[in-house]
$ cat start35.cif   # mmCIF, C-alpha atoms
data_final
#
loop_
_atom_site.group_PDB
_atom_site.id
_atom_site.type_symbol
_atom_site.label_atom_id
_atom_site.label_comp_id
_atom_site.auth_asym_id
_atom_site.auth_seq_id
_atom_site.Cartn_x
_atom_site.Cartn_y
_atom_site.Cartn_z
ATOM 1 C CA MET X 23 12.083 -27.021 0.446
ATOM 2 C CA GLY X 24 8.800 -27.620 -1.376
ATOM 3 C CA ALA X 25 5.236 -27.296 -0.227
ATOM 4 C CA ASN X 26 4.647 -29.342 2.890
ATOM 5 C CA LYS X 27 1.879 -31.850 3.428
ATOM 6 C CA GLY X 28 -0.274 -29.346 5.282
ATOM 7 C CA ASP X 29 0.043 -26.761 2.554
ATOM 8 C CA GLU X 30 -0.693 -29.221 -0.230
ATOM 9 C CA VAL X 31 -4.141 -29.783 1.203
ATOM 10 C CA PHE X 32 -4.997 -26.126 0.870
ATOM 11 C CA ILE X 33 -3.259 -25.602 -2.474
ATOM 12 C CA ASN X 34 -5.061 -28.459 -4.212
ATOM 13 C CA GLU X 35 -8.422 -27.420 -2.826
ATOM 14 C CA ILE X 36 -7.901 -23.754 -3.695
ATOM 15 C CA LYS X 37 -6.797 -24.647 -7.216
ATOM 16 C CA ALA X 38 -10.006 -26.671 -7.532
ATOM 17 C CA GLY X 39 -11.901 -23.479 -6.660
ATOM 18 C CA ASN X 40 -12.753 -24.347 -3.066
ATOM 19 C CA GLN X 41 -13.335 -20.942 -1.487
ATOM 20 C CA ALA X 42 -13.603 -22.387 2.026
ATOM 21 C CA ALA X 43 -10.062 -23.724 1.627
ATOM 22 C CA PHE X 44 -8.879 -20.291 0.516
ATOM 23 C CA GLU X 45 -10.502 -18.703 3.565
ATOM 24 C CA ALA X 46 -8.871 -21.308 5.814
ATOM 25 C CA MET X 47 -5.497 -20.590 4.225
ATOM 26 C CA VAL X 48 -5.982 -16.844 4.832
ATOM 27 C CA LEU X 49 -6.881 -17.475 8.478
ATOM 28 C CA LYS X 50 -3.871 -19.737 8.887
ATOM 29 C CA TYR X 51 -1.257 -17.455 7.363
ATOM 30 C CA GLN X 52 -2.635 -13.990 8.076
ATOM 31 C CA PRO X 53 -0.906 -13.685 11.488
ATOM 32 C CA LYS X 54 2.443 -14.732 10.054
ATOM 33 C CA LEU X 55 2.139 -12.410 7.071
ATOM 34 C CA MET X 56 0.961 -9.519 9.249
ATOM 35 C CA SER X 57 3.933 -10.008 11.538
ATOM 36 C CA SER X 58 6.339 -9.952 8.577
ATOM 37 C CA LEU X 59 4.694 -6.919 6.992
ATOM 38 C CA VAL X 60 4.543 -4.957 10.240
ATOM 39 C CA GLY X 61 8.236 -5.714 10.634
ATOM 40 C CA TYR X 62 8.905 -4.484 7.092
ATOM 41 C CA THR X 63 6.672 -1.405 6.999
ATOM 42 C CA LYS X 64 6.709 -0.503 10.723
ATOM 43 C CA SER X 65 3.038 0.397 10.277
ATOM 44 C CA VAL X 66 0.068 -1.756 11.309
ATOM 45 C CA ASP X 67 -2.300 0.133 8.977
ATOM 46 C CA GLN X 68 -0.021 -0.268 5.988
ATOM 47 C CA ALA X 69 0.585 -3.920 6.856
ATOM 48 C CA GLU X 70 -3.153 -4.593 7.018
ATOM 49 C CA GLU X 71 -3.666 -3.036 3.609
ATOM 50 C CA LEU X 72 -0.762 -4.977 2.120
ATOM 51 C CA CYS X 73 -2.017 -8.160 3.742
ATOM 52 C CA GLN X 74 -5.364 -7.780 1.976
ATOM 53 C CA LYS X 75 -3.670 -7.023 -1.352
ATOM 54 C CA THR X 76 -1.366 -9.997 -0.921
ATOM 55 C CA PHE X 77 -4.166 -12.497 -0.422
ATOM 56 C CA ILE X 78 -6.079 -11.080 -3.386
ATOM 57 C CA LYS X 79 -2.965 -11.669 -5.471
ATOM 58 C CA VAL X 80 -2.537 -15.144 -3.996
ATOM 59 C CA TRP X 81 -6.079 -16.024 -5.085
ATOM 60 C CA GLN X 82 -5.393 -14.636 -8.573
ATOM 61 C CA LYS X 83 -2.039 -16.405 -8.968
ATOM 62 C CA ILE X 84 -2.513 -19.669 -7.109
ATOM 63 C CA HIS X 85 -2.551 -21.645 -10.372
ATOM 64 C CA SER X 86 1.014 -20.515 -11.048
ATOM 65 C CA PHE X 87 2.218 -21.880 -7.708
ATOM 66 C CA ARG X 88 4.173 -25.035 -8.506
ATOM 67 C CA GLY X 89 5.184 -26.023 -5.004
ATOM 68 C CA ASP X 90 8.908 -25.373 -5.482
ATOM 69 C CA SER X 91 8.900 -23.507 -2.201
ATOM 70 C CA ALA X 92 6.776 -23.634 0.921
ATOM 71 C CA LEU X 93 3.405 -21.954 0.447
ATOM 72 C CA PHE X 94 4.130 -19.302 3.040
ATOM 73 C CA THR X 95 7.468 -18.466 1.387
ATOM 74 C CA TRP X 96 5.587 -17.821 -1.844
ATOM 75 C CA ILE X 97 2.924 -15.726 -0.051
ATOM 76 C CA TYR X 98 5.663 -13.831 1.791
ATOM 77 C CA ARG X 99 7.444 -12.981 -1.474
ATOM 78 C CA ILE X 100 4.232 -11.600 -2.957
ATOM 79 C CA GLY X 101 3.642 -9.528 0.180
ATOM 80 C CA ILE X 102 7.159 -8.133 0.327
ATOM 81 C CA ASN X 103 7.134 -7.296 -3.401
ATOM 82 C CA LEU X 104 3.881 -5.398 -2.920
ATOM 83 C CA ALA X 105 5.425 -3.605 0.055
ATOM 84 C CA LYS X 106 8.486 -2.686 -2.024
ATOM 85 C CA ASN X 107 6.238 -1.355 -4.804
ATOM 86 C CA ASP X 108 4.310 0.696 -2.256
ATOM 87 C CA PHE X 109 7.533 2.008 -0.808
ATOM 88 C CA ALA X 110 8.894 2.922 -4.245
ATOM 89 C CA SER X 111 5.662 4.578 -5.329
ATOM 90 C CA SER X 112 5.545 6.689 -2.173
ATOM 91 C CA PHE X 113 8.763 8.332 -3.383
ATOM 92 C CA SER X 114 7.482 8.848 -6.872
ATOM 93 C CA LYS X 115 5.459 11.854 -7.966
ATOM 94 C CA HIS X 116 3.950 9.636 -10.593
ATOM 95 C CA SER X 117 2.717 7.147 -8.032
ATOM 96 C CA LYS X 118 0.264 5.298 -10.170
ATOM 97 C CA VAL X 119 -0.554 1.714 -9.238
ATOM 98 C CA THR X 120 1.483 -0.534 -11.492
ATOM 99 C CA GLY X 121 -0.305 -3.830 -11.186
ATOM 100 C CA SER X 122 -4.054 -3.548 -10.993
ATOM 101 C CA LEU X 123 -5.676 -5.584 -8.275
ATOM 102 C CA ASP X 124 -9.329 -6.084 -8.943
ATOM 103 C CA GLN X 125 -10.817 -5.993 -5.457
ATOM 104 C CA ASN X 126 -14.131 -7.222 -6.792
ATOM 105 C CA GLU X 127 -12.654 -10.332 -8.303
ATOM 106 C CA HIS X 128 -12.270 -11.907 -4.912
ATOM 107 C CA ASP X 129 -12.818 -10.366 -1.535
ATOM 108 C CA VAL X 130 -10.460 -11.448 1.183
ATOM 109 C CA PRO X 131 -12.496 -12.531 4.194
ATOM 110 C CA GLU X 132 -12.403 -10.215 7.185
ATOM 111 C CA TYR X 133 -13.625 -12.196 10.169
ATOM 112 C CA VAL X 134 -10.796 -11.105 12.301
ATOM 113 C CA SER X 135 -10.821 -7.854 14.195
ATOM 114 C CA PRO X 136 -7.569 -5.871 13.816
ATOM 115 C CA GLU X 137 -6.845 -6.016 17.556
ATOM 116 C CA ILE X 138 -6.373 -9.764 17.467
ATOM 117 C CA GLN X 139 -4.438 -9.919 14.204
ATOM 118 C CA LEU X 140 -1.292 -10.052 16.280
ATOM 119 C CA ILE X 141 -0.633 -10.830 19.904
ATOM 120 C CA ALA X 142 0.489 -7.787 21.870
ATOM 121 C CA ALA X 143 4.227 -7.793 22.492
ATOM 122 C CA GLN X 144 3.789 -7.570 26.282
ATOM 123 C CA SER X 145 1.753 -10.802 26.272
ATOM 124 C CA GLU X 146 4.188 -12.832 24.201
ATOM 125 C CA ASP X 147 6.530 -13.744 27.044
ATOM 126 C CA LYS X 148 3.612 -14.707 29.279
ATOM 127 C CA ILE X 149 2.405 -17.182 26.667
ATOM 128 C CA MET X 150 5.878 -18.608 26.099
ATOM 129 C CA GLU X 151 6.293 -19.038 29.851
ATOM 130 C CA PHE X 152 2.917 -20.758 30.050
ATOM 131 C CA ILE X 153 3.964 -23.211 27.301
ATOM 132 C CA GLN X 154 6.931 -24.183 29.483
ATOM 133 C CA THR X 155 4.500 -25.194 32.239
ATOM 134 C CA LEU X 156 2.652 -27.723 30.055
ATOM 135 C CA ASP X 157 3.215 -31.349 30.948
ATOM 136 C CA SER X 158 6.205 -32.853 29.208
ATOM 137 C CA ASP X 159 4.313 -35.074 26.712
ATOM 138 C CA THR X 160 2.007 -32.275 25.614
ATOM 139 C CA LYS X 161 4.790 -29.705 25.381
ATOM 140 C CA THR X 162 7.078 -32.011 23.405
ATOM 141 C CA ALA X 163 4.451 -32.945 20.813
ATOM 142 C CA PHE X 164 3.406 -29.304 20.421
ATOM 143 C CA THR X 165 6.975 -28.034 20.144
ATOM 144 C CA LEU X 166 7.963 -30.679 17.602
ATOM 145 C CA ARG X 167 5.000 -29.580 15.496
ATOM 146 C CA GLU X 168 5.126 -25.804 15.875
ATOM 147 C CA ALA X 169 8.799 -25.043 16.379
ATOM 148 C CA GLU X 170 10.278 -27.810 14.224
ATOM 149 C CA GLY X 171 7.468 -28.291 11.699
ATOM 150 C CA ARG X 172 7.422 -32.081 12.133
ATOM 151 C CA THR X 173 4.542 -34.115 10.707
ATOM 152 C CA TYR X 174 2.325 -36.212 12.978
ATOM 153 C CA ASP X 175 3.991 -39.348 11.546
ATOM 154 C CA GLU X 176 7.431 -38.080 12.509
ATOM 155 C CA ILE X 177 6.318 -37.018 15.967
ATOM 156 C CA ALA X 178 4.693 -40.409 16.564
ATOM 157 C CA GLU X 179 7.958 -42.080 15.607
ATOM 158 C CA ILE X 180 10.068 -39.789 17.802
ATOM 159 C CA LEU X 181 7.775 -40.198 20.807
ATOM 160 C CA SER X 182 6.988 -43.890 20.139
ATOM 161 C CA CYS X 183 3.260 -43.353 20.397
ATOM 162 C CA PRO X 184 0.257 -43.695 18.062
ATOM 163 C CA ILE X 185 -0.609 -40.841 15.649
ATOM 164 C CA GLY X 186 -3.953 -40.394 17.424
ATOM 165 C CA THR X 187 -2.078 -39.613 20.633
ATOM 166 C CA VAL X 188 0.068 -37.037 18.837
ATOM 167 C CA ARG X 189 -3.046 -35.445 17.381
ATOM 168 C CA SER X 190 -4.762 -35.206 20.772
ATOM 169 C CA ARG X 191 -1.628 -33.914 22.557
ATOM 170 C CA ILE X 192 -1.133 -31.124 20.009
ATOM 171 C CA PHE X 193 -4.782 -30.186 20.235
ATOM 172 C CA ARG X 194 -4.607 -30.302 24.063
ATOM 173 C CA ALA X 195 -1.654 -27.888 24.002
ATOM 174 C CA ARG X 196 -3.494 -25.461 21.732
ATOM 175 C CA GLN X 197 -6.627 -25.721 23.840
ATOM 176 C CA LEU X 198 -4.716 -24.991 27.066
ATOM 177 C CA ILE X 199 -2.860 -22.075 25.484
ATOM 178 C CA LEU X 200 -6.131 -20.585 24.234
ATOM 179 C CA GLU X 201 -7.689 -21.007 27.678
ATOM 180 C CA PHE X 202 -4.686 -19.260 29.204
ATOM 181 C CA MET X 203 -4.897 -16.425 26.670
ATOM 182 C CA THR X 204 -8.592 -15.952 27.426
ATOM 183 C CA LYS X 205 -8.004 -16.054 31.200
ATOM 184 C CA GLU X 206 -5.256 -13.447 30.855
ATOM 185 C CA ASN X 207 -7.465 -11.287 28.599
ATOM 186 C CA ILE X 208 -4.958 -11.613 25.778
ATOM 187 C CA ILE X 209 -7.782 -12.606 23.454
ATOM 188 C CA ASN X 210 -11.543 -12.613 23.846
ATOM 189 C CA GLU X 211 -13.417 -15.860 24.243
ATOM 190 C CA MET B 30 -17.410 -30.120 20.435
ATOM 191 C CA ASN B 31 -13.926 -31.128 21.569
ATOM 192 C CA LYS B 32 -13.865 -33.772 18.854
ATOM 193 C CA ASP B 33 -14.660 -31.100 16.249
ATOM 194 C CA LEU B 34 -11.972 -28.828 17.649
ATOM 195 C CA GLU B 35 -9.428 -31.634 17.655
ATOM 196 C CA GLN B 36 -10.298 -32.237 14.010
ATOM 197 C CA LEU B 37 -9.899 -28.495 13.384
ATOM 198 C CA SER B 38 -6.443 -28.625 14.970
ATOM 199 C CA ALA B 39 -5.478 -31.519 12.688
ATOM 200 C CA LEU B 40 -6.937 -29.647 9.695
ATOM 201 C CA TYR B 41 -4.735 -26.701 10.622
ATOM 202 C CA ASP B 42 -1.734 -29.020 10.477
ATOM 203 C CA GLY B 43 -2.887 -30.573 7.182
ATOM 204 C CA GLU B 44 -3.107 -33.980 8.821
ATOM 205 C CA LEU B 45 -6.549 -35.112 7.627
ATOM 206 C CA SER B 46 -7.746 -37.325 4.804
ATOM 207 C CA ARG B 47 -9.409 -35.677 1.791
ATOM 208 C CA GLU B 48 -12.875 -36.578 3.092
ATOM 209 C CA GLU B 49 -12.101 -35.226 6.554
ATOM 210 C CA ILE B 50 -10.736 -32.020 5.016
ATOM 211 C CA HIS B 51 -14.003 -31.384 3.215
ATOM 212 C CA GLU B 52 -15.922 -32.198 6.369
ATOM 213 C CA GLY B 53 -13.704 -29.878 8.443
ATOM 214 C CA LEU B 54 -13.942 -27.008 5.951
ATOM 215 C CA LYS B 55 -17.723 -27.425 5.833
ATOM 216 C CA LYS B 56 -17.961 -27.229 9.626
ATOM 217 C CA MET B 57 -15.741 -24.160 9.613
ATOM 218 C CA ASN B 58 -17.917 -22.527 7.001
ATOM 219 C CA GLU B 59 -21.021 -23.144 9.076
ATOM 220 C CA ASP B 60 -19.608 -22.001 12.401
ATOM 221 C CA PRO B 61 -17.851 -18.620 12.712
ATOM 222 C CA ARG B 62 -16.466 -19.641 16.124
ATOM 223 C CA MET B 63 -14.532 -22.427 14.461
ATOM 224 C CA LYS B 64 -13.114 -19.941 11.960
ATOM 225 C CA GLU B 65 -12.024 -17.751 14.822
ATOM 226 C CA THR B 66 -10.428 -20.681 16.646
ATOM 227 C CA PHE B 67 -8.605 -21.668 13.442
ATOM 228 C CA HIS B 68 -7.241 -18.142 13.221
ATOM 229 C CA LYS B 69 -6.183 -18.263 16.875
ATOM 230 C CA PHE B 70 -4.211 -21.426 16.104
ATOM 231 C CA GLY B 71 -2.449 -19.248 13.514
ATOM 232 C CA LEU B 72 -1.696 -16.583 16.114
ATOM 233 C CA ILE B 73 -0.141 -19.179 18.406
ATOM 234 C CA SER B 74 1.933 -20.661 15.548
ATOM 235 C CA GLU B 75 3.197 -17.264 14.506
ATOM 236 C CA LEU B 76 4.249 -16.434 18.044
ATOM 237 C CA VAL B 77 5.926 -19.765 18.817
ATOM 238 C CA GLN B 78 7.769 -19.894 15.490
ATOM 239 C CA ARG B 79 8.975 -16.304 15.750
ATOM 240 C CA LYS B 80 10.075 -16.669 19.366
ATOM 241 C CA THR B 81 11.834 -19.969 18.649
ATOM 242 C CA GLN B 82 13.657 -18.506 15.655
ATOM 243 C CA LYS B 83 14.771 -15.550 17.774
ATOM 244 C CA LYS B 84 16.176 -17.945 20.379
ATOM 245 C CA ILE B 85 18.101 -19.881 17.728
ATOM 246 C CA PHE B 86 19.399 -16.613 16.255
ATOM 247 C CA LYS B 87 20.534 -15.404 19.679
ATOM 248 C CA GLY B 88 22.244 -18.752 20.204
ATOM 249 C CA ILE B 89 24.216 -18.342 16.999
ATOM 250 C CA ILE B 90 25.393 -14.876 18.036
ATOM 251 C CA PHE B 91 26.371 -16.181 21.452
ATOM 252 C CA LYS B 92 28.444 -18.973 19.942
ATOM 253 C CA ARG B 93 30.238 -16.640 17.544
ATOM 254 C CA SER B 94 31.021 -13.882 19.989
ATOM 255 C CA PRO B 95 33.940 -15.515 21.830
ATOM 256 C CA GLN B 96 35.682 -16.336 18.517
ATOM 257 C CA GLN B 97 35.250 -12.806 17.240
ATOM 258 C CA SER B 98 36.606 -11.165 20.380
#
$ encode --input "start35.cif" --output "structure tokens"
Amino acid sequence: MGANKGDEVFINEIKAGNQAAFEAMVLKYQPKLMSSLVGYTKSVDQAEELCQKTFIKVWQKIHSFRGDSALFTWIYRIGINLAKNDFASSFSKHSKVTGSLDQNEHDVPEYVSPEIQLIAAQSEDKIMEFIQTLDSDTKTAFTLREAEGRTYDEIAEILSCPIGTVRSRIFRARQLILEFMTKENIINE
Amino acid sequence: MNKDLEQLSALYDGELSREEIHEGLKKMNEDPRMKETFHKFGLISELVQRKTQKKIFKGIIFKRSPQQS
């Protein structure tokens, strides 16, 4: 599976040196990467550090990304390799950093407070239950996008409706979920 | 504002034209709240995708169990 349409947008812009696109890509994939790294390291602090290192490396190596895999798969591999190196070096008395990461070369944006980098486990089921209460049209469009990774074109075809309707239904779902999360104090407004 | 947020949602999904992408990224750059909302879209995606994968995984185990026993 190669880079999808959504990823291509970011990749091309980042390769052209668009820093805003890089920041958007970080914001988009940080939760997913954090989740994977917390799962791997069993430590939020270590995962945060690795997450930062990973995105620095992504910025440094983006020109070598050829789109043979999905962008997140590539980011994930970088993150897990860094985690493995960290793990190996923690067992070594000669634990010198092997690959130098110049932090000054590009700072990874930090707009996001650590407490909302991941949704608390106890809130996850509440959110999933809330999604089930969405009206059928909204829920279907959202699920086809988020759970199945369908494009707007594909969803429009499946649901026999215009792309604009798909776009507004997906947005409506996200808006309602965010409102629910705020109401339930899962995230701040 | 809703129109901007709907555009942000489509930007998140990579479903905008090149011109709209630049416009969306510019708006995000100018408004920290939009950046935060974009990140929250990521939180929701992560959760839904992980939970859905878990369900599929559990389904596979359930289907295999009777054959194994």
$ atom_distance --input "start35.cif" --atom1 "atom CA of X:Ala105" --atom2 "atom CA of X:Glu146"
25.9 Å
$ closest_atom_pairs --input "start35.cif" --of "chain X" --to "chain B" --cutoff "6 Å" --atoms "all atoms listed in the file" --output "Markdown table"
| residue | atom | partner | partner_atom | distance |
| --- | --- | --- | --- | --- |
| X:Gly28 | CA | B:Gly43 | CA | 3.5 |
| X:Leu49 | CA | B:His68 | CA | 4.8 |
| X:Lys50 | CA | B:Gly71 | CA | 4.9 |
| X:Pro53 | CA | B:Leu72 | CA | 5.5 |
| X:Lys54 | CA | B:Glu75 | CA | 5.2 |
| X:Ala169 | CA | B:Gln78 | CA | 5.3 |
| X:Phe193 | CA | B:Glu35 | CA | 5.5 |
$ write_last_selection --input "start35.cif" --atoms "C-alpha atoms" --output "compact mmCIF listing (two decimals), keeping the file's coordinate frame"
# COMPACT_ATOMS: atom_id res chain seq x y z
CA GLY X 28 -0.27 -29.35 5.28
CA LEU X 49 -6.88 -17.48 8.48
CA LYS X 50 -3.87 -19.74 8.89
CA PRO X 53 -0.91 -13.68 11.49
CA LYS X 54 2.44 -14.73 10.05
CA ALA X 169 8.80 -25.04 16.38
CA PHE X 193 -4.78 -30.19 20.24
$ resolve_selection --input "start35.cif" --expression "the PyMOL selection byres ((chain X and resi 188) around 9)" --output "ChimeraX atom specification"
/X:160,163-164,174-175,177-178,181,183-187,189-193
$ resolve_selection --input "start35.cif" --expression "the PyMOL selection byres ((chain X and resi 198-207) around 9)" --output "ChimeraX atom specification"
/X:145,149,152-153,156,193-197,208-211 /B:66,69-70,73
$ resolve_selection --input "start35.cif" --expression "the PyMOL selection byres ((chain X and resi 96-100) around 8)" --output "PDB file with C-alpha atoms, keeping the file's coordinate frame"
ATOM      1  CA  LEU X  55       2.139 -12.410   7.071  1.00  0.00           C
ATOM      2  CA  SER X  58       6.339  -9.952   8.577  1.00  0.00           C
ATOM      3  CA  THR X  76      -1.366  -9.997  -0.921  1.00  0.00           C
ATOM      4  CA  PHE X  77      -4.166 -12.497  -0.422  1.00  0.00           C
ATOM      5  CA  LYS X  79      -2.965 -11.669  -5.471  1.00  0.00           C
ATOM      6  CA  VAL X  80      -2.537 -15.144  -3.996  1.00  0.00           C
ATOM      7  CA  PHE X  87       2.218 -21.880  -7.708  1.00  0.00           C
ATOM      8  CA  SER X  91       8.900 -23.507  -2.201  1.00  0.00           C
ATOM      9  CA  ALA X  92       6.776 -23.634   0.921  1.00  0.00           C
ATOM     10  CA  LEU X  93       3.405 -21.954   0.447  1.00  0.00           C
ATOM     11  CA  PHE X  94       4.130 -19.302   3.040  1.00  0.00           C
ATOM     12  CA  THR X  95       7.468 -18.466   1.387  1.00  0.00           C
ATOM     13  CA  GLY X 101       3.642  -9.528   0.180  1.00  0.00           C
ATOM     14  CA  ILE X 102       7.159  -8.133   0.327  1.00  0.00           C
ATOM     15  CA  ASN X 103       7.134  -7.296  -3.401  1.00  0.00           C
ATOM     16  CA  LEU X 104       3.881  -5.398  -2.920  1.00  0.00           C
TER      17      LEU X 104
END
$ atom_distance --input "start35.cif" --atom1 "atom CA of X:Val31" --atom2 "atom CA of X:Lys161"
25.8 Å
$ closest_residue --input "start35.cif" --among "X:Ser182, X:Arg88, X:Ser158, X:Glu71" --to "X:Asp29" --atoms "only C-alpha atoms"
X:Arg88
$ atom_distance --input "start35.cif" --atom1 "atom CA of X:Tyr62" --atom2 "atom CA of X:Phe109"
10.3 Å
$ residues_around --input "start35.cif" --residues "X:Lys37" --least-positions-apart "2" --cutoff "12 Å" --atoms "all atoms listed in the file" --output "list in words"
Glu30, Val31, Phe32, Ile33, Asn34, Glu35, Gly39, Asn40, Gln41, Ala42, Ala43, Phe44, Val80, Trp81, Gln82, Lys83, Ile84, His85, Ser86, Phe87 and Arg88 of chain X
$ closest_residue --input "start35.cif" --among "X:Thr63, X:Gln144, X:Gln74, X:Ser57" --to "X:Asn107" --atoms "all atoms listed in the file"
X:Thr63
$ build_atoms --input "start35.cif" --residues "stretch 170-187 of chain X" --atoms "N, CA and C atoms" --output "mmCIF file, in the coordinates of the input"
data_model
loop_
_atom_site.group_PDB
_atom_site.id
_atom_site.type_symbol
_atom_site.label_atom_id
_atom_site.label_comp_id
_atom_site.auth_asym_id
_atom_site.auth_seq_id
_atom_site.Cartn_x
_atom_site.Cartn_y
_atom_site.Cartn_z
ATOM 1 N N GLU X 170 9.439 -27.070 15.171
ATOM 2 C CA GLU X 170 10.278 -27.810 14.224
ATOM 3 C C GLU X 170 9.548 -28.194 12.942
ATOM 4 N N GLY X 171 8.242 -27.997 12.907
ATOM 5 C CA GLY X 171 7.468 -28.291 11.699
ATOM 6 C C GLY X 171 7.382 -29.763 11.357
ATOM 7 N N ARG X 172 7.488 -30.624 12.379
ATOM 8 C CA ARG X 172 7.422 -32.081 12.133
ATOM 9 C C ARG X 172 5.990 -32.510 11.814
ATOM 10 N N THR X 173 5.866 -33.559 11.001
ATOM 11 C CA THR X 173 4.542 -34.115 10.707
ATOM 12 C C THR X 173 4.111 -34.998 11.880
ATOM 13 N N TYR X 174 2.829 -35.345 11.904
ATOM 14 C CA TYR X 174 2.325 -36.212 12.978
ATOM 15 C C TYR X 174 3.035 -37.577 12.927
ATOM 16 N N ASP X 175 3.279 -38.062 11.722
ATOM 17 C CA ASP X 175 3.991 -39.348 11.546
ATOM 18 C C ASP X 175 5.359 -39.301 12.226
ATOM 19 N N GLU X 176 6.078 -38.225 11.937
ATOM 20 C CA GLU X 176 7.431 -38.080 12.509
ATOM 21 C C GLU X 176 7.384 -37.964 14.027
ATOM 22 N N ILE X 177 6.424 -37.206 14.508
ATOM 23 C CA ILE X 177 6.318 -37.018 15.967
ATOM 24 C C ILE X 177 5.975 -38.344 16.638
ATOM 25 N N ALA X 178 5.077 -39.103 16.010
ATOM 26 C CA ALA X 178 4.693 -40.409 16.564
ATOM 27 C C ALA X 178 5.916 -41.327 16.656
ATOM 28 N N GLU X 179 6.763 -41.248 15.619
ATOM 29 C CA GLU X 179 7.958 -42.080 15.607
ATOM 30 C C GLU X 179 8.941 -41.627 16.704
ATOM 31 N N ILE X 180 9.141 -40.331 16.793
ATOM 32 C CA ILE X 180 10.068 -39.789 17.802
ATOM 33 C C ILE X 180 9.600 -40.133 19.214
ATOM 34 N N LEU X 181 8.302 -39.998 19.453
ATOM 35 C CA LEU X 181 7.775 -40.198 20.807
ATOM 36 C C LEU X 181 7.314 -41.628 21.068
ATOM 37 N N SER X 182 7.440 -42.479 20.036
ATOM 38 C CA SER X 182 6.988 -43.890 20.139
ATOM 39 C C SER X 182 5.558 -43.983 20.679
ATOM 40 N N CYS X 183 4.678 -43.275 20.003
ATOM 41 C CA CYS X 183 3.260 -43.353 20.397
ATOM 42 C C CYS X 183 2.391 -43.307 19.133
ATOM 43 N N PRO X 184 1.126 -43.711 19.247
ATOM 44 C CA PRO X 184 0.257 -43.695 18.062
ATOM 45 C C PRO X 184 -0.013 -42.262 17.553
ATOM 46 N N ILE X 185 -0.331 -42.153 16.246
ATOM 47 C CA ILE X 185 -0.609 -40.841 15.649
ATOM 48 C C ILE X 185 -1.787 -40.155 16.352
ATOM 49 N N GLY X 186 -2.783 -40.958 16.734
ATOM 50 C CA GLY X 186 -3.953 -40.394 17.424
ATOM 51 C C GLY X 186 -3.563 -39.682 18.715
ATOM 52 N N THR X 187 -2.555 -40.233 19.385
ATOM 53 C CA THR X 187 -2.078 -39.613 20.633
ATOM 54 C C THR X 187 -1.394 -38.286 20.329
#
